[in-house]
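Trainee: Got a structure for you, input-v6.tsv, holding TSV, C-alpha atoms.
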chain	number	residue	atom	x	y	z
A	6	MET	CA	50.53	59.48	138.20
A	7	ASN	CA	52.88	57.72	135.82
A	8	ILE	CA	55.79	59.93	136.80
A	9	THR	CA	58.30	58.29	134.46
A	10	ILE	CA	56.43	59.34	131.32
A	11	ILE	CA	56.27	62.93	132.60
A	12	ILE	CA	59.99	62.92	133.41
A	13	GLY	CA	60.73	61.44	129.99
A	14	TRP	CA	58.69	64.10	128.19
A	15	VAL	CA	60.32	66.90	130.17
A	16	LEU	CA	63.80	65.56	129.42
A	17	ALA	CA	63.08	64.86	125.75
A	18	PHE	CA	61.48	68.22	124.97
A	19	GLY	CA	63.70	70.18	127.34
A	20	LEU	CA	66.99	68.84	126.02
A	21	THR	CA	65.80	69.09	122.42
A	22	ILE	CA	64.93	72.76	122.90
A	23	PHE	CA	68.24	73.32	124.71
A	24	GLY	CA	70.09	71.75	121.78
A	25	ILE	CA	68.21	73.95	119.31
A	26	LEU	CA	68.94	77.13	121.25
A	27	SER	CA	72.58	76.17	121.68
A	28	GLY	CA	73.20	76.30	117.96
A	29	GLY	CA	70.46	78.50	116.54
A	30	LYS	CA	67.06	80.08	117.06
A	31	MET	CA	63.77	78.49	118.03
A	32	ASP	CA	62.06	80.35	115.19
A	33	ASP	CA	64.07	78.30	112.71
A	34	PHE	CA	62.26	75.17	113.88
A	35	ILE	CA	58.74	76.57	113.75
A	36	ASP	CA	57.23	76.01	110.33
A	37	PRO	CA	53.42	76.05	109.96
A	38	ALA	CA	53.52	74.08	106.71
A	39	SER	CA	55.47	71.29	108.42
A	40	VAL	CA	52.98	71.21	111.30
A	41	PHE	CA	50.04	70.96	108.92
A	42	ILE	CA	51.61	68.12	106.96
A	43	THR	CA	53.04	66.08	109.84
A	44	VAL	CA	50.62	66.63	112.71
A	45	GLY	CA	47.53	67.07	110.53
A	46	GLY	CA	48.43	64.12	108.33
A	47	THR	CA	49.12	61.85	111.31
A	48	LEU	CA	45.83	62.75	113.00
A	49	GLY	CA	43.96	62.29	109.73
A	50	GLY	CA	45.57	58.90	109.20
A	51	LEU	CA	44.64	57.81	112.73
A	52	ILE	CA	41.04	58.92	112.30
A	53	ALA	CA	40.79	57.06	109.00
A	54	SER	CA	42.33	53.88	110.46
A	55	PHE	CA	40.07	53.28	113.46
A	56	PRO	CA	36.33	53.07	114.16
A	57	MET	CA	34.56	55.83	116.07
A	58	SER	CA	34.37	53.67	119.20
A	59	THR	CA	38.18	53.56	119.39
A	60	LEU	CA	38.52	57.29	118.75
A	61	LEU	CA	36.01	58.09	121.50
A	62	ALA	CA	38.00	55.89	123.89
A	63	VAL	CA	41.27	57.81	123.34
A	64	PRO	CA	40.73	60.19	126.33
A	65	LYS	CA	40.21	57.16	128.56
A	66	LEU	CA	43.36	55.52	127.16
A	67	LEU	CA	45.36	58.69	127.81
A	68	LYS	CA	44.11	58.67	131.39
A	69	ILE	CA	45.30	55.07	131.77
A	70	CYS	CA	48.71	56.06	130.39
A	71	LEU	CA	49.10	58.98	132.79
A	72	PHE	CA	47.26	57.47	135.76
A	73	PRO	CA	47.64	53.69	135.37
A	74	PRO	CA	45.62	51.38	137.64
A	75	LYS	CA	47.66	49.95	140.48
A	76	TYR	CA	47.88	46.17	140.61
A	77	ASN	CA	49.49	44.44	143.58
A	78	PRO	CA	50.19	40.78	142.72
A	79	GLN	CA	51.21	40.00	146.29
A	80	LYS	CA	47.83	41.24	147.52
A	81	TYR	CA	46.06	38.88	145.12
A	82	ILE	CA	48.19	35.99	146.36
A	83	ASP	CA	47.34	36.83	149.99
A	84	GLU	CA	43.62	36.92	149.14
A	85	ILE	CA	43.70	33.62	147.26
A	86	VAL	CA	45.58	31.93	150.10
A	87	GLU	CA	42.92	33.16	152.54
A	88	TYR	CA	40.16	31.87	150.25
A	89	ALA	CA	41.97	28.52	150.09
A	90	ARG	CA	42.14	28.37	153.88
A	91	VAL	CA	38.41	29.05	154.15
A	92	ALA	CA	37.55	26.51	151.45
A	93	ARG	CA	39.77	23.88	153.05
A	94	SER	CA	38.28	24.29	156.51
A	95	GLN	CA	34.64	25.16	155.75
A	96	GLY	CA	34.05	23.95	152.21
A	97	ILE	CA	34.08	25.64	148.80
A	98	LEU	CA	30.41	26.67	149.08
A	99	THR	CA	31.35	29.12	151.84
A	100	LEU	CA	33.32	31.14	149.25
A	101	GLU	CA	30.08	32.62	147.95
A	102	ASP	CA	30.15	35.31	150.64
A	103	SER	CA	33.79	36.05	149.80
A	104	ALA	CA	32.91	36.31	146.11
A	105	ASN	CA	30.18	38.85	146.80
A	106	LYS	CA	32.66	40.97	148.76
A	107	ALA	CA	35.46	40.75	146.18
A	108	THR	CA	36.30	44.09	144.56
A	109	ASP	CA	38.04	42.61	141.53
A	110	PRO	CA	35.46	41.46	138.92
A	111	PHE	CA	37.67	38.64	137.65
A	112	MET	CA	38.28	37.36	141.18
A	113	LYS	CA	34.53	37.45	141.84
A	114	LYS	CA	33.72	35.49	138.69
A	115	SER	CA	36.42	32.93	139.47
A	116	LEU	CA	35.11	32.31	142.98
A	117	LEU	CA	31.52	32.03	141.77
A	118	LEU	CA	32.58	29.43	139.20
A	119	LEU	CA	34.13	27.42	142.03
A	120	VAL	CA	31.02	27.75	144.18
A	121	ASP	CA	28.83	26.54	141.31
A	122	ALA	CA	30.85	23.29	141.36
A	123	ASN	CA	31.73	23.50	137.70
A	124	ASP	CA	34.19	21.05	136.19
A	125	ALA	CA	37.76	22.18	136.97
A	126	GLU	CA	38.93	21.93	133.37
A	127	LYS	CA	35.90	23.89	132.20
A	128	ILE	CA	36.68	26.59	134.76
A	129	ARG	CA	40.28	26.73	133.59
A	130	GLU	CA	39.18	27.03	129.97
A	131	MET	CA	36.75	29.86	130.77
A	132	LEU	CA	39.28	31.80	132.83
A	133	GLU	CA	42.06	31.41	130.25
A	134	GLU	CA	39.69	32.55	127.49
A	135	ALA	CA	38.78	35.61	129.57
A	136	ILE	CA	42.48	36.40	130.00
A	137	SER	CA	43.06	35.99	126.26
A	138	PHE	CA	40.10	38.23	125.36
A	139	THR	CA	41.32	40.90	127.79
A	140	ASP	CA	44.80	40.79	126.29
A	141	ASP	CA	43.38	41.07	122.76
A	142	ARG	CA	41.16	44.00	123.76
A	143	HIS	CA	44.11	45.83	125.28
A	144	ALA	CA	46.22	45.10	122.19
A	145	ALA	CA	43.52	46.70	120.01
A	146	ASN	CA	43.62	49.82	122.17
A	147	LYS	CA	47.43	49.94	122.09
A	148	ALA	CA	47.30	49.65	118.29
A	149	PHE	CA	46.04	53.26	118.11
A	150	PHE	CA	49.29	54.64	119.50
A	151	GLU	CA	51.42	52.11	117.64
A	152	LYS	CA	49.79	53.35	114.45
A	153	GLY	CA	50.83	56.87	115.44
A	154	VAL	CA	54.42	55.63	115.78
A	155	ALA	CA	54.28	54.50	112.15
A	156	LEU	CA	52.36	57.46	110.72
A	157	GLY	CA	54.49	60.22	112.30
A	158	PRO	CA	57.73	59.44	110.41
A	159	ALA	CA	55.71	58.51	107.29
A	160	PHE	CA	54.12	61.96	107.07
A	161	GLY	CA	57.47	63.48	108.02
A	162	MET	CA	58.93	61.86	104.92
A	163	LEU	CA	55.92	62.97	102.90
A	164	GLY	CA	56.57	66.55	104.01
A	165	THR	CA	60.21	66.15	103.01
A	166	LEU	CA	59.14	65.16	99.51
A	167	VAL	CA	56.73	68.11	99.33
A	168	GLY	CA	59.51	70.50	100.34
A	169	LEU	CA	61.95	69.02	97.83
A	170	VAL	CA	59.42	69.19	95.01
A	171	ASN	CA	58.69	72.86	95.80
A	172	MET	CA	62.40	73.62	96.01
A	173	LEU	CA	63.17	71.99	92.67
A	174	ALA	CA	60.22	73.74	91.02
A	175	GLN	CA	61.44	77.14	92.22
A	176	MET	CA	65.05	76.54	91.22
A	177	GLU	CA	64.10	76.77	87.56
A	178	ASN	CA	62.94	80.39	87.86
A	179	SER	CA	64.76	81.96	90.81
A	180	SER	CA	66.38	81.20	94.12
A	181	GLU	CA	63.60	82.98	96.04
A	182	GLY	CA	61.77	80.70	98.43
A	183	LEU	CA	64.39	77.97	98.31
A	184	GLY	CA	65.16	78.40	102.01
A	185	SER	CA	61.50	78.06	102.99
A	186	ALA	CA	61.03	74.98	100.83
A	187	MET	CA	64.18	73.37	102.23
A	188	ALA	CA	63.03	74.15	105.80
A	189	THR	CA	59.73	72.39	105.15
A	190	ALA	CA	61.60	69.45	103.68
A	191	LEU	CA	63.80	69.01	106.75
A	192	ILE	CA	61.57	70.11	109.63
A	193	THR	CA	58.73	67.74	108.73
A	194	THR	CA	61.11	64.84	109.35
A	195	PHE	CA	62.03	66.43	112.68
A	196	TYR	CA	58.37	66.74	113.69
A	197	GLY	CA	57.63	63.18	112.58
A	198	SER	CA	60.45	61.79	114.72
A	199	LEU	CA	59.21	63.73	117.76
A	200	LEU	CA	55.65	62.48	117.31
A	201	ALA	CA	56.74	58.85	116.96
A	202	ASN	CA	59.49	58.61	119.57
A	203	VAL	CA	58.44	61.11	122.22
A	204	ILE	CA	54.62	61.12	122.08
A	205	PHE	CA	53.14	57.95	120.61
A	206	GLY	CA	55.93	55.52	121.49
A	207	PRO	CA	55.90	56.17	125.26
A	208	LEU	CA	52.08	56.15	125.32
A	209	ALA	CA	52.02	52.72	123.64
A	210	SER	CA	54.61	51.46	126.13
A	211	ALA	CA	52.57	52.79	129.06
A	212	LEU	CA	49.50	50.86	127.87
A	213	GLU	CA	51.64	47.74	127.40
A	214	ASN	CA	52.94	48.01	130.97
A	215	ALA	CA	49.42	48.44	132.36
A	216	ASN	CA	48.26	45.43	130.34
A	217	ASN	CA	51.13	43.26	131.60
A	218	ASP	CA	50.35	44.14	135.23
A	219	GLU	CA	46.66	43.30	134.84
A	220	ILE	CA	47.27	40.07	132.90
A	221	LEU	CA	49.74	38.88	135.56
A	222	CYS	CA	47.15	39.36	138.31
A	223	MET	CA	44.51	37.57	136.22
A	224	GLN	CA	46.89	34.66	135.70
A	225	ILE	CA	47.52	34.52	139.45
A	226	ILE	CA	43.75	34.37	140.05
A	227	CYS	CA	43.36	31.63	137.44
A	228	GLN	CA	46.14	29.46	138.85
A	229	GLY	CA	44.99	30.09	142.40
A	230	SER	CA	41.40	29.15	141.57
A	231	MET	CA	42.55	25.88	140.03
A	232	ALA	CA	44.59	25.11	143.14
A	233	ILE	CA	41.59	25.83	145.38
A	234	ALA	CA	39.43	23.55	143.23
A	235	ALA	CA	42.04	20.80	143.67
A	236	GLY	CA	41.99	21.27	147.46
A	237	SER	CA	45.68	22.15	147.65
A	238	ASN	CA	47.33	23.21	150.88
A	239	PRO	CA	47.26	27.05	151.27
A	240	ALA	CA	51.00	27.13	151.98
A	241	LEU	CA	51.66	25.18	148.79
A	242	ILE	CA	49.36	27.52	146.85
A	243	ARG	CA	51.30	30.54	148.11
A	244	GLU	CA	54.60	28.99	147.13
A	245	LYS	CA	53.29	28.07	143.68
A	246	LEU	CA	51.86	31.53	142.98
A	247	GLU	CA	54.93	33.36	144.24
A	248	PHE	CA	56.97	31.54	141.61
A	249	MET	CA	55.10	33.75	139.13
A	250	LEU	CA	56.66	36.89	140.63
A	251	ALA	CA	60.17	38.26	140.42
A	252	ASP	CA	62.17	37.99	143.63
A	253	LYS	CA	62.20	41.75	144.04
A	254	ASP	CA	58.39	41.82	144.01
A	255	LEU	CA	57.96	39.23	146.73
A	256	LYS	CA	56.86	40.42	150.12
A	257	LYS	CA	58.37	38.41	152.93
A	258	ASN	CA	55.38	36.95	154.74
A	259	GLY	CA	56.29	35.44	158.04
A	260	GLY	CA	52.85	33.90	158.45
A	261	ALA	CA	53.05	31.84	155.27
A	262	LYS	CA	54.71	28.87	156.99
A	263	GLY	CA	51.86	28.60	159.45
A	264	GLU	CA	49.16	28.09	156.84
A	265	GLU	CA	47.51	24.70	156.64
Written as structure tokens, that's how I'd like the structure from this file.
Mentor:
Amino acid sequence: MNITIIIGWVLAFGLTIFGILSGGKMDDFIDPASVFITVGGTLGGLIASFPMSTLLAVPKLLKICLFPPKYNPQKYIDEIVEYARVARSQGILTLEDSANKATDPFMKKSLLLLVDANDAEKIREMLEEAISFTDDRHAANKAFFEKGVALGPAFGMLGTLVGLVNMLAQMENSSEGLGSAMATALITTFYGSLLANVIFGPLASALENANNDEILCMQIICQGSMAIAAGSNPALIREKLEFMLADKDLKKNGGAKGEE
């Protein structure tokens, strides 16, 4: 589970509620009209902004946010170095068996392109296009939550205007209902900020992090495949690919020096 998003939600909601109770009552911050305007308006705006296919994919996207796939770049490097060793000693055609056993679809496609003896530049172009398409597809999914970040405060401001209009309209006749109208005016902004900064914002960031992890591993596969096609030394391939990782992510591999 993505424990940081859970911790963040607990802290954000918990400390907000604590702050409310420290200076007032929780009932003062519960206003049905504000909920209808802010939450209902935001959901309506999201539904109107995206096709049905995107809306039906939201549960899957939430699952990715809460339970992101685990990508281990070092593991991909180790696999590519092993494939390079096999290709160097037995020939690239022997990678077909390795491709059929590969669990990562992108790794499998990359190895099969090598086995088919395609032109190296053509392989690079195909792999880079696949990476670009994946990144674009993930960006389209992330756009749903980014839209929520924009719509939450927008409908919060809309609710503020509704409350102010009602308050001004009632001021002409009597002071009755002014408090309720003012509450709607202020609390809608409060709800909009919560939706944007506590709900939709972290969800968009979680998808971005998952995308970055996957794209990094795809780039490692792409660069490694090109190195295998060029017949590079496995030790050199490892060194080249590890330059793509931060020092803290590198696993010290004592056997790397012995690769040929």
Trainee: Skip segment 83-94 of chain A itself and residues of its chain fewer than 3 positions away, then list as an MDAnalysis selection string all residues within 6 Å of it, counting only C-alpha atoms.
Mentor: chainID A and resid 80 97 233 239
Trainee: What separation in Å, quoted to one decimal, exists between atom CA of Gly45 of chain A and atom CA of Tyr196 of chain A?
Mentor: 11.3 Å
Trainee: With distances taken over only C-alpha atoms, which of A:Glu130, A:Ile82, A:Lys152, A:Met162 is nearest to Met249 of chain A?
Mentor: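 Looking at the shortest contact to Met249 of chain A, the residue is A:Ile82.
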Trainee: Can you tell me, as a compact mmCIF listing (two decimals) with C-alpha atoms, in the coordinates of the input, which residues sit within 10 Å of (55.5, 62.9, 119.3) in the file's frame, using only C-alpha atoms?
Mentor:
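Listed below is the output, out05.txt:
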# COMPACT_ATOMS: atom_id res chain seq x y z
CA TRP A 14 58.69 64.10 128.19
CA PHE A 18 61.48 68.22 124.97
CA VAL A 44 50.62 66.63 112.71
CA GLY A 153 50.83 56.87 115.44
CA VAL A 154 54.42 55.63 115.78
CA GLY A 157 54.49 60.22 112.30
CA PRO A 158 57.73 59.44 110.41
CA PHE A 195 62.03 66.43 112.68
CA TYR A 196 58.37 66.74 113.69
CA GLY A 197 57.63 63.18 112.58
CA SER A 198 60.45 61.79 114.72
CA LEU A 199 59.21 63.73 117.76
CA LEU A 200 55.65 62.48 117.31
CA ALA A 201 56.74 58.85 116.96
CA ASN A 202 59.49 58.61 119.57
CA VAL A 203 58.44 61.11 122.22
CA ILE A 204 54.62 61.12 122.08
CA PHE A 205 53.14 57.95 120.61
CA GLY A 206 55.93 55.52 121.49
CA PRO A 207 55.90 56.17 125.26
CA LEU A 208 52.08 56.15 125.32
Trainee: Give me, as a ChimeraX atom specification, all polymer residues having an atom no more than 12 Å from Lys68 of chain A, counting all atoms listed in the file and skipping those fewer than 5 positions away in the same chain.
Mentor: /A:6-7,62-63,73-74,208,211-212,215
Trainee: Tell me which of A:Met231, A:Leu169, A:Leu255, A:Ala209 sits closest to Ala145 of chain A, counting all atoms listed in the file.
Mentor: A:Ala209
Trainee: Report the distance between atom CA of Pro64 of chain A and atom CA of Thr47 of chain A in Å, rounded to one decimal place.
Mentor: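 Pair atom CA of Pro64 of chain A / atom CA of Thr47 of chain A returns 17.3 Å.
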Trainee: Work out how far atom CA of Phe41 of chain A is from atom CA of Ala190 of chain A, in Å to one decimal.
Mentor: 12.8 Å
Trainee: Which of these, A:Gly13, A:Thr165, A:Phe23, A:Met31, has the shortest distance to Ile192 of chain A once you count all atoms listed in the file?
Mentor: A:Thr165
Trainee: With distances taken over only C-alpha atoms, which residue among A:Phe34, A:Phe160, A:Asp109, A:Thr139 lies nearest Tyr76 of chain A?
Mentor: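 When distances to Tyr76 of chain A are compared using only C-alpha atoms, the smallest one comes from A:Asp109.
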Trainee: For Asn214 of chain A, which residue out of A:Asp32, A:Asp254, A:Asp124, A:Asp140 is the nearest one, using all atoms listed in the file?
Mentor: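 Among A:Asp32, A:Asp254, A:Asp124, A:Asp140, it is A:Asp140 that comes nearest to Asn214 of chain A.
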Trainee: Please enclose the listed atoms of segment 102-113 of chain A in an axis-aligned box, pad each side by 3 Å, and write out the centre and the three edge lengths in Å, rounded to one decimal, as AutoDock Vina command-line options.
Mentor:
--center_x 34.2 --center_y 39.7 --center_z 144.1 --size_x 14.1 --size_y 14.8 --size_z 19.0
Trainee: Which residue is closest to Ile8 of chain A? Choose from A:Ala38, A:Leu163, A:Leu132, A:Leu71 and count only C-alpha atoms.
Mentor: A:Leu71
